[in-house]
Amino acid sequence: MVSTRSQAAKVAKLEARVTTVAARARAVTPLLFLSTKLQLGDFLASSRAAKRVALGVESLHITIKDKSVSVTALHQCLLCTKNLTDLELALPRLSTVGWVCLFRDLYLPRLRYIRTNAPHTTLAAFLMRHPRITYLSVERCNRSKQACDLGVVSLPSLSAITGPISCIASAIPSQLLTYVSISCYTQRDFSTPLLDFTTKLSPLHASRITQLSVPFDVGDIHFARYIAGAMPRLILLEAIEKPCQQHVIRSHAWSNVVEWSRHLALMRNLKTLGLLTSTFLARNDVHERALVIAWTVHHPSLKRLALWHGFGSPGHKMHYWYFFDGVWSKHRGYVDPVFDFFSISHMSARSSS
């Protein structure tokens, strides 16, 4: 009797999966997220039942942490989604050999956006088959002495790039590059990242950048001045302050109101500024408003500020400030700033509104 009930339960579960797969085969969605082996298997089953399911996917996001995920299944998934324009591949437990097999002979003619943690040696070969890519986001390649393999790649249509300075500085710059986001994974990554990047760009390429996300040393009062000189067309800046080491007390660059204000004013086209700091900027709203006014009093175009206080602390919070009719007004962010999309892309969307 127990065996019969168990078998019946298994049959019911199988029928439910078949029904789900059949329903998905009838549905075509341009946006697809796959985070488990089961979801991957169901999608492949749906695609076999109806090819239009795979052909209808335009934005694919695969984020699977399971080490046992089938590389063959992943490869089949990419092969059947030929109309992709956006691709995210986050497979932290996939081996280098697995990445080689995954990208082997893979060509996606419409691909324009890729975000991945793939090894750069393997990724470089894939990128060379996709010169029309406009957005590239990578993680560090763990090479300390040798040049990053991305240095051999030419992406003439690239307009936006995100990654660690040692890697994205190696990439051959495009004349269309306007968006740069520099990632930091270690304390070492914070050391003069902007200088390293701009010295590998021609003055012409640097002057075309309009959106920048960059880390800076907590006490570097001159970093804003340097940006102003290297990137005069900048309209959006996300500044990420390097966290202080425990028991080390240093003066924050933004706390020197006179110098900070003067250097910000040199960025005459800047409209949006985001500042992320591990400390708390102000004691209360009155103090924070005074800081905002002091920072922007001489600025000709700055209209939006996104301030993330106490990043990494239990009491962290985010405030948005907008300048309208000659007055700065504050709008609170969500309760948890992590879900407030404090990113250069989100602030860019706000800037265009």
# chains A, B, ... in the order shown; residues from 1 in each chain; ligands from 1

$ select_by_dssp --residues "region 41-270 of chain A" --states "strand (DSSP E or B)" --output "PyMOL selection string"
chain A and resi 59-63+86-90+113-116+135-138+154+160-164+172+179-183+211-216+236-241

$ write_last_selection --atoms "N, CA and C atoms" --output "CSV table (one decimal), in the first residue's frame"
chain,number,residue,atom,x,y,z
A,59,SER,N,16.9,38.0,-24.0
A,59,SER,CA,17.8,38.3,-22.9
A,59,SER,C,17.8,37.1,-22.0
A,60,LEU,N,19.0,36.5,-21.9
A,60,LEU,CA,19.2,35.2,-21.1
A,60,LEU,C,20.2,35.4,-20.0
A,61,HIS,N,19.7,35.0,-18.8
A,61,HIS,CA,20.5,35.2,-17.6
A,61,HIS,C,20.7,33.8,-16.9
A,62,ILE,N,21.9,33.2,-17.0
A,62,ILE,CA,22.1,31.9,-16.4
A,62,ILE,C,23.1,32.1,-15.2
A,63,THR,N,22.6,31.9,-14.0
A,63,THR,CA,23.3,32.0,-12.8
A,63,THR,C,23.2,30.7,-11.9
A,86,ASP,N,21.2,40.0,-25.2
A,86,ASP,CA,21.8,40.2,-23.9
A,86,ASP,C,22.1,38.8,-23.3
A,87,LEU,N,23.3,38.7,-22.7
A,87,LEU,CA,23.6,37.4,-22.1
A,87,LEU,C,24.4,37.6,-20.8
A,88,GLU,N,23.9,36.9,-19.8
A,88,GLU,CA,24.6,36.9,-18.5
A,88,GLU,C,25.0,35.5,-18.2
A,89,LEU,N,26.2,35.2,-17.9
A,89,LEU,CA,26.7,33.9,-17.5
A,89,LEU,C,27.5,34.0,-16.2
A,90,ALA,N,26.9,33.6,-15.2
A,90,ALA,CA,27.5,33.5,-13.8
A,90,ALA,C,27.6,32.1,-13.4
A,113,TYR,N,25.2,42.6,-25.6
A,113,TYR,CA,25.5,42.8,-24.1
A,113,TYR,C,26.0,41.5,-23.6
A,114,ILE,N,27.1,41.5,-22.8
A,114,ILE,CA,27.5,40.2,-22.2
A,114,ILE,C,28.1,40.6,-20.8
A,115,ARG,N,27.7,39.8,-19.8
A,115,ARG,CA,28.2,39.9,-18.4
A,115,ARG,C,28.5,38.5,-18.0
A,116,THR,N,29.8,38.3,-17.6
A,116,THR,CA,30.2,37.0,-17.3
A,116,THR,C,31.4,36.9,-16.3
A,135,TYR,N,28.3,46.4,-24.8
A,135,TYR,CA,28.5,46.4,-23.4
A,135,TYR,C,29.2,45.1,-22.9
A,136,LEU,N,30.2,45.3,-22.1
A,136,LEU,CA,31.0,44.2,-21.6
A,136,LEU,C,31.2,44.3,-20.1
A,137,SER,N,30.9,43.3,-19.4
A,137,SER,CA,31.1,43.3,-17.9
A,137,SER,C,31.8,42.0,-17.5
A,138,VAL,N,33.0,42.2,-16.9
A,138,VAL,CA,33.8,41.0,-16.6
A,138,VAL,C,34.3,41.1,-15.1
A,154,SER,N,39.5,43.4,-30.0
A,154,SER,CA,39.1,44.7,-30.6
A,154,SER,C,37.6,44.7,-30.7
A,160,ALA,N,30.3,50.7,-23.4
A,160,ALA,CA,30.3,50.6,-22.0
A,160,ALA,C,31.1,49.4,-21.5
A,161,ILE,N,31.9,49.5,-20.5
A,161,ILE,CA,32.7,48.4,-20.0
A,161,ILE,C,32.7,48.5,-18.4
A,162,THR,N,32.7,47.3,-17.8
A,162,THR,CA,32.7,47.2,-16.4
A,162,THR,C,33.6,46.1,-16.0
A,163,GLY,N,34.5,46.3,-15.0
A,163,GLY,CA,35.4,45.3,-14.5
A,163,GLY,C,36.6,45.9,-13.7
A,164,PRO,N,37.5,45.0,-13.3
A,164,PRO,CA,38.7,45.5,-12.5
A,164,PRO,C,39.6,46.3,-13.4
A,172,ILE,N,41.3,47.0,-25.7
A,172,ILE,CA,41.6,48.1,-26.7
A,172,ILE,C,40.4,49.0,-26.7
A,179,TYR,N,31.0,54.9,-21.2
A,179,TYR,CA,30.6,54.5,-19.9
A,179,TYR,C,31.7,53.6,-19.3
A,180,VAL,N,32.2,53.9,-18.2
A,180,VAL,CA,33.3,53.0,-17.5
A,180,VAL,C,32.9,52.8,-16.1
A,181,SER,N,32.9,51.6,-15.6
A,181,SER,CA,32.6,51.2,-14.2
A,181,SER,C,33.8,50.3,-13.8
A,182,ILE,N,34.6,50.8,-12.8
A,182,ILE,CA,35.8,50.1,-12.3
A,182,ILE,C,35.4,49.4,-11.0
A,183,SER,N,35.6,48.0,-11.1
A,183,SER,CA,35.3,47.2,-9.9
A,183,SER,C,36.5,47.0,-9.1
A,211,GLN,N,30.0,58.8,-18.4
A,211,GLN,CA,29.5,58.2,-17.2
A,211,GLN,C,30.6,57.3,-16.6
A,212,LEU,N,30.9,57.5,-15.3
A,212,LEU,CA,32.0,56.9,-14.6
A,212,LEU,C,31.7,56.4,-13.2
A,213,SER,N,32.0,55.1,-12.9
A,213,SER,CA,31.9,54.6,-11.6
A,213,SER,C,33.3,54.2,-11.2
A,214,VAL,N,33.8,54.8,-10.1
A,214,VAL,CA,35.2,54.6,-9.8
A,214,VAL,C,35.5,54.7,-8.3
A,215,PRO,N,36.3,53.8,-7.8
A,215,PRO,CA,36.7,53.9,-6.4
A,215,PRO,C,37.8,54.9,-6.1
A,216,PHE,N,37.8,55.5,-4.9
A,216,PHE,CA,38.9,56.4,-4.6
A,216,PHE,C,39.3,56.3,-3.2
A,236,LEU,N,27.8,62.0,-15.3
A,236,LEU,CA,27.4,61.2,-14.1
A,236,LEU,C,28.6,60.6,-13.5
A,237,LEU,N,28.8,60.7,-12.2
A,237,LEU,CA,29.9,60.1,-11.5
A,237,LEU,C,29.4,59.4,-10.3
A,238,GLU,N,29.8,58.1,-10.1
A,238,GLU,CA,29.6,57.3,-8.9
A,238,GLU,C,30.9,57.1,-8.3
A,239,ALA,N,31.1,57.7,-7.1
A,239,ALA,CA,32.4,57.7,-6.4
A,239,ALA,C,32.3,56.7,-5.2
A,240,ILE,N,33.1,55.7,-5.2
A,240,ILE,CA,33.1,54.7,-4.1
A,240,ILE,C,34.3,54.8,-3.2
A,241,GLU,N,34.1,55.2,-2.0
A,241,GLU,CA,35.2,55.5,-1.1
A,241,GLU,C,35.8,54.2,-0.6

$ residues_around --residues "region 218-221 of chain A" --least-positions-apart "5" --cutoff "6 Å" --atoms "only C-alpha atoms" --output "mmCIF file with all heavy atoms, in the first residue's frame"
data_model
loop_
_atom_site.group_PDB
_atom_site.id
_atom_site.type_symbol
_atom_site.label_atom_id
_atom_site.label_comp_id
_atom_site.auth_asym_id
_atom_site.auth_seq_id
_atom_site.Cartn_x
_atom_site.Cartn_y
_atom_site.Cartn_z
ATOM 1 N N GLU A 241 34.068 55.234 -2.030
ATOM 2 C CA GLU A 241 35.168 55.507 -1.110
ATOM 3 C C GLU A 241 35.765 54.211 -0.553
ATOM 4 O O GLU A 241 35.045 53.324 -0.115
ATOM 5 C CB GLU A 241 34.664 56.372 0.046
ATOM 6 C CG GLU A 241 35.752 56.841 0.985
ATOM 7 C CD GLU A 241 35.181 57.697 2.098
ATOM 8 O OE1 GLU A 241 34.479 57.139 2.983
ATOM 9 O OE2 GLU A 241 35.403 58.911 2.087
ATOM 10 N N LYS A 242 37.105 54.123 -0.608
ATOM 11 C CA LYS A 242 37.805 52.966 -0.067
ATOM 12 C C LYS A 242 37.567 52.880 1.435
ATOM 13 O O LYS A 242 37.794 53.855 2.159
ATOM 14 C CB LYS A 242 39.302 53.100 -0.341
ATOM 15 C CG LYS A 242 40.169 52.052 0.343
ATOM 16 C CD LYS A 242 41.627 52.336 0.092
ATOM 17 C CE LYS A 242 42.524 51.384 0.861
ATOM 18 N NZ LYS A 242 43.962 51.655 0.633
ATOM 19 N N SER A 251 41.023 61.512 7.566
ATOM 20 C CA SER A 251 40.064 62.535 7.164
ATOM 21 C C SER A 251 39.496 62.187 5.790
ATOM 22 O O SER A 251 40.229 61.815 4.877
ATOM 23 C CB SER A 251 40.765 63.895 7.111
ATOM 24 O OG SER A 251 39.882 64.886 6.650
ATOM 25 N N HIS A 252 38.199 62.309 5.646
ATOM 26 C CA HIS A 252 37.546 62.005 4.376
ATOM 27 C C HIS A 252 37.700 63.177 3.413
ATOM 28 O O HIS A 252 37.621 64.343 3.811
ATOM 29 C CB HIS A 252 36.062 61.723 4.592
ATOM 30 C CG HIS A 252 35.818 60.523 5.452
ATOM 31 N ND1 HIS A 252 35.662 59.264 4.931
ATOM 32 C CD2 HIS A 252 35.709 60.398 6.801
ATOM 33 C CE1 HIS A 252 35.459 58.402 5.914
ATOM 34 N NE2 HIS A 252 35.488 59.073 7.062
ATOM 35 N N ALA A 253 37.885 62.838 2.136
ATOM 36 C CA ALA A 253 38.062 63.886 1.132
ATOM 37 C C ALA A 253 36.868 64.832 1.104
ATOM 38 O O ALA A 253 37.019 66.055 0.991
ATOM 39 C CB ALA A 253 38.271 63.256 -0.239
#

$ closest_atom_pairs --of "region 69-149 of chain A" --to "region 27-43 of chain A" --cutoff "9 Å" --atoms "only C-alpha atoms" --output "tab-separated table"
residue	atom	partner	partner_atom	distance
A:Val69	CA	A:Lys37	CA	6.0
A:Ser70	CA	A:Lys37	CA	8.0
A:Ala73	CA	A:Gly41	CA	7.5
A:Leu74	CA	A:Leu40	CA	7.7
A:Cys77	CA	A:Leu40	CA	7.8
A:Leu84	CA	A:Pro30	CA	8.9

$ write_last_selection --atoms "N, CA and C atoms" --output "JSON list (two decimals), in the first residue's frame"
[["chain", "number", "residue", "atom", "x", "y", "z"],
["A", 69, "VAL", "N", 26.38, 20.99, -12.75],
["A", 69, "VAL", "CA", 25.58, 21.38, -13.90],
["A", 69, "VAL", "C", 26.25, 20.87, -15.17],
["A", 70, "SER", "N", 25.45, 20.39, -16.10],
["A", 70, "SER", "CA", 25.96, 19.80, -17.34],
["A", 70, "SER", "C", 26.43, 20.88, -18.31],
["A", 73, "ALA", "N", 24.44, 20.56, -21.48],
["A", 73, "ALA", "CA", 23.12, 21.20, -21.42],
["A", 73, "ALA", "C", 23.25, 22.71, -21.56],
["A", 74, "LEU", "N", 24.24, 23.31, -20.92],
["A", 74, "LEU", "CA", 24.47, 24.75, -21.05],
["A", 74, "LEU", "C", 24.78, 25.12, -22.50],
["A", 77, "CYS", "N", 21.75, 24.99, -24.60],
["A", 77, "CYS", "CA", 20.89, 26.14, -24.31],
["A", 77, "CYS", "C", 21.33, 27.36, -25.11],
["A", 84, "LEU", "N", 19.69, 35.92, -29.17],
["A", 84, "LEU", "CA", 20.06, 36.67, -27.98],
["A", 84, "LEU", "C", 20.71, 38.00, -28.32]]

$ select_by_dssp --residues "region 36-256 of chain A" --states "helix (DSSP H, G or I)" --output "JSON, numbers by chain"
{"A": [37, 38, 39, 40, 41, 42, 43, 44, 45, 46, 47, 48, 49, 51, 52, 53, 54, 55, 71, 72, 73, 74, 75, 76, 77, 78, 79, 80, 96, 97, 98, 99, 100, 101, 102, 103, 120, 121, 122, 123, 124, 125, 126, 127, 128, 149, 150, 151, 152, 165, 166, 167, 168, 187, 188, 189, 190, 193, 194, 195, 196, 197, 198, 199, 203, 204, 205, 206, 207, 223, 224, 225, 226, 227, 228, 229, 230, 253, 254, 255]}

$ residues_around --residues "region 102-111 of chain A" --least-positions-apart "6" --cutoff "7 Å" --atoms "only C-alpha atoms" --output "list of chain:residue names"
A:Val71, A:Leu74, A:His75, A:Leu79, A:Lys82, A:Asn83, A:Leu84, A:Thr85, A:Asp86, A:Phe126, A:Arg129, A:Ile133

$ atom_distance --atom1 "CA of Pro203 (chain A)" --atom2 "CA of Pro156 (chain A)"
17.4 Å

$ atom_distance --atom1 "CA of Thr96 (chain A)" --atom2 "CA of Ser170 (chain A)"
21.1 Å

$ residues_around --residues "Gly326 (chain A)" --least-positions-apart "4" --cutoff "12 Å" --atoms "only C-alpha atoms" --output "list of chain:residue names"
A:Ile293, A:Thr296, A:Val297, A:Pro300, A:Ser301, A:Leu302, A:Lys303, A:Tyr322

$ atom_distance --atom1 "CA of Ile165 (chain A)" --atom2 "CA of Lys317 (chain A)"
27.9 Å

$ residues_around --residues "Ala224 (chain A)" --least-positions-apart "3" --cutoff "7 Å" --atoms "only C-alpha atoms" --output "mmCIF file with N, CA and C atoms, in the first residue's frame"
data_model
loop_
_atom_site.group_PDB
_atom_site.id
_atom_site.type_symbol
_atom_site.label_atom_id
_atom_site.label_comp_id
_atom_site.auth_asym_id
_atom_site.auth_seq_id
_atom_site.Cartn_x
_atom_site.Cartn_y
_atom_site.Cartn_z
ATOM 1 N N ILE A 227 39.737 63.810 -12.278
ATOM 2 C CA ILE A 227 38.664 63.388 -13.175
ATOM 3 C C ILE A 227 38.219 64.544 -14.057
ATOM 4 N N ALA A 228 38.084 65.709 -13.457
ATOM 5 C CA ALA A 228 37.636 66.884 -14.205
ATOM 6 C C ALA A 228 38.584 67.194 -15.360
ATOM 7 N N HIS A 263 36.689 71.359 -6.460
ATOM 8 C CA HIS A 263 37.043 70.356 -7.454
ATOM 9 C C HIS A 263 35.809 69.812 -8.178
ATOM 10 N N LEU A 264 34.699 69.663 -7.458
ATOM 11 C CA LEU A 264 33.464 69.242 -8.128
ATOM 12 C C LEU A 264 33.024 70.268 -9.165
#
